[in-house]
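Chemist: Here it is, the structure, as structure tokens.
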Amino acid sequence: MSDEQETKPEETKAAEEVPKKEEPKEEESTATFEPVVKLEEVKVETGEEEEEVLCSYRSKLFQYGETMLDKGTGKKTWKERGIGEARILRHREHQRLRFLMRQEKTMKVIANHALDPRIKLEPNAGSDRSWVWSCFDFADGELEEKVFALRFANSEVADEFKTKFEEHQKEMEKLLAGKDKADEDGAAEEAAEALSGLKTEDE
């Protein structure tokens, strides 16, 4: 065996024993940065704070009317308003009920009207999972007569919505009838007081 061969293991061992250089440890930064502008948390009110949700159904809303391109032509078509939760709400104080629907991504109000007892849900032609009705709606900031169509996932959900809608319409009808009666009683009392006052003056 040659000298070169004999020295190779020793050289390898010596190379392995060479100490590795320790890398400097990274120091964690403890610096703090204050924001240039401090934004205060703002409470956003939806107008639903005083209401309770009676029922909610995910669905797609359509509106029958003129498009922007057909404005003034009288040509009307169905246009999609958005997908969201179709809800019936009851006000905790005066107990009034309304139908409200927001577009699920933008939360924009796309339908907002009182649950008028005169509204009739009609079946949409060619579909067993949608209903059509007309109403005076306030979604765009002013009271407008609109025609809506609401489409559900299946006919079972559509039927359930109709049952709940009509059930709460009856509740609204009783509420309005009670209010009218209260107004009549109030008017009668005012008239009685006025007559009483006249009689006193005459004496």
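We label chains A, B, ... in the order they appear in the structure tokens, count residues from 1 in each chain, and number ligands from 1 in the order shown.
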Give me the residues near Ile110 in chain A as a list in words, where near means some atom within 10 Å (using only C-alpha atoms) and where sequence neighbours in that chain fewer than 6 positions away do not count.

Modeler: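 The filter keeps Leu61, Phe62, Gln63, Arg81, Gly82, Ile83, Gly84, Ala86, Leu100, Met101, Arg102, Gln103, Asp137, Phe138, Ala139 and Asp140 of chain A.
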
Chemist: Could the residues in this selection be written to a file with all heavy atoms, as a tab-separated table (two decimals), in the first residue's frame?

Modeler:
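File part.tsv, as written:
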```
chain	number	residue	atom	x	y	z
A	61	LEU	N	-83.83	36.80	-6.70
A	61	LEU	CA	-84.90	37.75	-6.98
A	61	LEU	C	-84.78	38.33	-8.40
A	61	LEU	O	-83.68	38.66	-8.85
A	61	LEU	CB	-84.86	38.90	-5.96
A	61	LEU	CG	-85.98	39.93	-6.06
A	61	LEU	CD1	-87.30	39.34	-5.56
A	61	LEU	CD2	-85.64	41.19	-5.27
A	62	PHE	N	-85.94	38.43	-9.05
A	62	PHE	CA	-86.02	39.05	-10.38
A	62	PHE	C	-87.04	40.19	-10.32
A	62	PHE	O	-87.97	40.15	-9.53
A	62	PHE	CB	-86.47	38.03	-11.43
A	62	PHE	CG	-85.52	36.88	-11.63
A	62	PHE	CD1	-85.60	35.77	-10.80
A	62	PHE	CD2	-84.55	36.91	-12.63
A	62	PHE	CE1	-84.73	34.70	-10.97
A	62	PHE	CE2	-83.68	35.85	-12.79
A	62	PHE	CZ	-83.77	34.74	-11.96
A	63	GLN	N	-86.85	41.17	-11.19
A	63	GLN	CA	-87.79	42.28	-11.29
A	63	GLN	C	-88.21	42.47	-12.73
A	63	GLN	O	-87.38	42.44	-13.64
A	63	GLN	CB	-87.17	43.57	-10.75
A	63	GLN	CG	-88.13	44.75	-10.76
A	63	GLN	CD	-87.48	46.03	-10.27
A	63	GLN	OE1	-86.56	45.98	-9.44
A	63	GLN	NE2	-87.92	47.17	-10.77
A	81	ARG	N	-82.10	40.69	-9.91
A	81	ARG	CA	-81.69	41.68	-8.92
A	81	ARG	C	-80.60	41.15	-8.00
A	81	ARG	O	-79.81	41.91	-7.45
A	81	ARG	CB	-82.89	42.11	-8.07
A	81	ARG	CG	-83.94	42.92	-8.80
A	81	ARG	CD	-83.39	44.22	-9.37
A	81	ARG	NE	-82.75	45.06	-8.38
A	81	ARG	CZ	-83.39	46.00	-7.68
A	81	ARG	NH1	-84.67	46.21	-7.86
A	81	ARG	NH2	-82.72	46.74	-6.82
A	82	GLY	N	-80.56	39.83	-7.80
A	82	GLY	CA	-79.50	39.27	-6.97
A	82	GLY	C	-79.95	38.06	-6.18
A	82	GLY	O	-81.14	37.72	-6.12
A	83	ILE	N	-78.96	37.40	-5.57
A	83	ILE	CA	-79.19	36.24	-4.71
A	83	ILE	C	-79.00	36.66	-3.26
A	83	ILE	O	-78.10	37.43	-2.94
A	83	ILE	CB	-78.21	35.10	-5.06
A	83	ILE	CG1	-78.44	34.63	-6.49
A	83	ILE	CG2	-78.36	33.92	-4.09
A	83	ILE	CD1	-77.40	33.64	-6.99
A	84	GLY	N	-79.86	36.15	-2.40
A	84	GLY	CA	-79.73	36.50	-0.98
A	84	GLY	C	-80.78	35.80	-0.15
A	84	GLY	O	-81.44	34.87	-0.60
A	86	ALA	N	-84.29	35.92	1.53
A	86	ALA	CA	-85.60	36.57	1.52
A	86	ALA	C	-86.17	36.43	2.92
A	86	ALA	O	-86.43	35.32	3.39
A	86	ALA	CB	-86.50	35.90	0.49
A	100	LEU	N	-88.01	41.84	3.37
A	100	LEU	CA	-86.72	42.48	3.10
A	100	LEU	C	-85.74	41.48	2.50
A	100	LEU	O	-85.64	40.34	2.96
A	100	LEU	CB	-86.12	43.06	4.38
A	100	LEU	CG	-84.77	43.77	4.24
A	100	LEU	CD1	-84.94	45.08	3.49
A	100	LEU	CD2	-84.14	44.03	5.60
A	101	MET	N	-85.04	41.92	1.47
A	101	MET	CA	-84.03	41.06	0.84
A	101	MET	C	-82.81	41.90	0.47
A	101	MET	O	-82.95	42.99	-0.09
A	101	MET	CB	-84.59	40.37	-0.40
A	101	MET	CG	-83.68	39.31	-1.00
A	101	MET	SD	-84.54	38.31	-2.25
A	101	MET	CE	-83.21	37.24	-2.78
A	102	ARG	N	-81.63	41.38	0.83
A	102	ARG	CA	-80.37	42.04	0.49
A	102	ARG	C	-79.55	41.14	-0.42
A	102	ARG	O	-79.58	39.92	-0.28
A	102	ARG	CB	-79.54	42.35	1.75
A	102	ARG	CG	-80.16	43.38	2.67
A	102	ARG	CD	-79.29	43.57	3.90
A	102	ARG	NE	-79.85	44.55	4.83
A	102	ARG	CZ	-79.62	45.84	4.79
A	102	ARG	NH1	-78.81	46.34	3.86
A	102	ARG	NH2	-80.18	46.66	5.66
A	103	GLN	N	-78.80	41.76	-1.31
A	103	GLN	CA	-77.88	40.99	-2.16
A	103	GLN	C	-76.76	40.47	-1.27
A	103	GLN	O	-76.14	41.25	-0.53
A	103	GLN	CB	-77.33	41.91	-3.25
A	103	GLN	CG	-76.71	41.17	-4.42
A	103	GLN	CD	-76.31	42.14	-5.53
A	103	GLN	OE1	-75.69	43.17	-5.25
A	103	GLN	NE2	-76.65	41.84	-6.76
A	137	ASP	N	-92.85	49.06	-3.45
A	137	ASP	CA	-91.54	48.75	-2.86
A	137	ASP	C	-90.75	50.03	-2.59
A	137	ASP	O	-90.89	51.02	-3.31
A	137	ASP	CB	-90.77	47.83	-3.80
A	137	ASP	CG	-89.45	47.37	-3.21
A	137	ASP	OD1	-89.47	46.48	-2.35
A	137	ASP	OD2	-88.40	47.92	-3.61
A	138	PHE	N	-89.90	49.96	-1.55
A	138	PHE	CA	-89.11	51.13	-1.15
A	138	PHE	C	-87.60	50.87	-1.21
A	138	PHE	O	-86.82	51.59	-0.62
A	138	PHE	CB	-89.50	51.54	0.28
A	138	PHE	CG	-89.11	52.95	0.64
A	138	PHE	CD1	-89.78	54.03	0.11
A	138	PHE	CD2	-88.06	53.18	1.52
A	138	PHE	CE1	-89.41	55.33	0.44
A	138	PHE	CE2	-87.68	54.47	1.86
A	138	PHE	CZ	-88.36	55.55	1.32
A	139	ALA	N	-87.18	49.82	-1.93
A	139	ALA	CA	-85.76	49.44	-1.95
A	139	ALA	C	-84.85	50.52	-2.54
A	139	ALA	O	-83.69	50.66	-2.13
A	139	ALA	CB	-85.58	48.13	-2.73
A	140	ASP	N	-85.35	51.29	-3.50
A	140	ASP	CA	-84.52	52.30	-4.17
A	140	ASP	C	-84.68	53.69	-3.58
A	140	ASP	O	-84.29	54.68	-4.19
A	140	ASP	CB	-84.84	52.32	-5.67
A	140	ASP	CG	-84.50	50.99	-6.34
A	140	ASP	OD1	-83.49	50.38	-5.95
A	140	ASP	OD2	-85.26	50.56	-7.24
```

Chemist: Which residues, written as a list in words, have at least one atom at most 7 Å from Phe136 in chain A, with only C-alpha atoms counted and residues fewer than 5 positions away on the same chain left out?

Modeler: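 Returned residues: His113, Leu143, Glu144, Glu145 and Lys146 of chain A.
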
Chemist: Atoms to include: C-alpha atoms. Write the selected residues as an mmCIF file, in the first residue's frame.

Modeler:
```
data_model
loop_
_atom_site.group_PDB
_atom_site.id
_atom_site.type_symbol
_atom_site.label_atom_id
_atom_site.label_comp_id
_atom_site.auth_asym_id
_atom_site.auth_seq_id
_atom_site.Cartn_x
_atom_site.Cartn_y
_atom_site.Cartn_z
ATOM 1 C CA HIS A 113 -91.915 46.460 1.253
ATOM 2 C CA LEU A 143 -92.111 54.178 -3.110
ATOM 3 C CA GLU A 144 -92.549 52.482 -6.488
ATOM 4 C CA GLU A 145 -94.935 49.885 -7.840
ATOM 5 C CA LYS A 146 -92.885 46.848 -8.837
#
```

Chemist: Enter the distance from CA of Val53 in chain A to CA of Gly65 in chain A, in Å, rounded to one decimal.

Modeler: 29.1 Å

Chemist: Quick one: of A:Lys75, A:Arg92, A:Arg129, A:Arg87, who's nearest to Ala114 in chain A, counting only C-alpha atoms?

Modeler: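 So, comparing all the options, the nearest one is A:Arg87.
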
Chemist: Compare A:Glu85, A:Glu40, A:Asp128, A:Glu173 by their minimum atom-to-atom distance to Arg58 in chain A, counting only C-alpha atoms, and give me the closest one.

Modeler: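 The answer is A:Glu85, which sits nearest to Arg58 in chain A.
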
Chemist: Nearest residue to Gln95 in chain A out of A:Glu66, A:Glu52, A:Glu160, A:Asp116, using only C-alpha atoms?

Modeler: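 Counting only C-alpha atoms, the residue closest to Gln95 in chain A is A:Glu52.
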
Chemist: Measuring between only C-alpha atoms, which one of A:His94, A:Leu121, A:Ser127, A:Ser59 shows the shortest distance to Phe165 in chain A?

Modeler: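 For Phe165 in chain A, the nearest of the candidates is A:Leu121.
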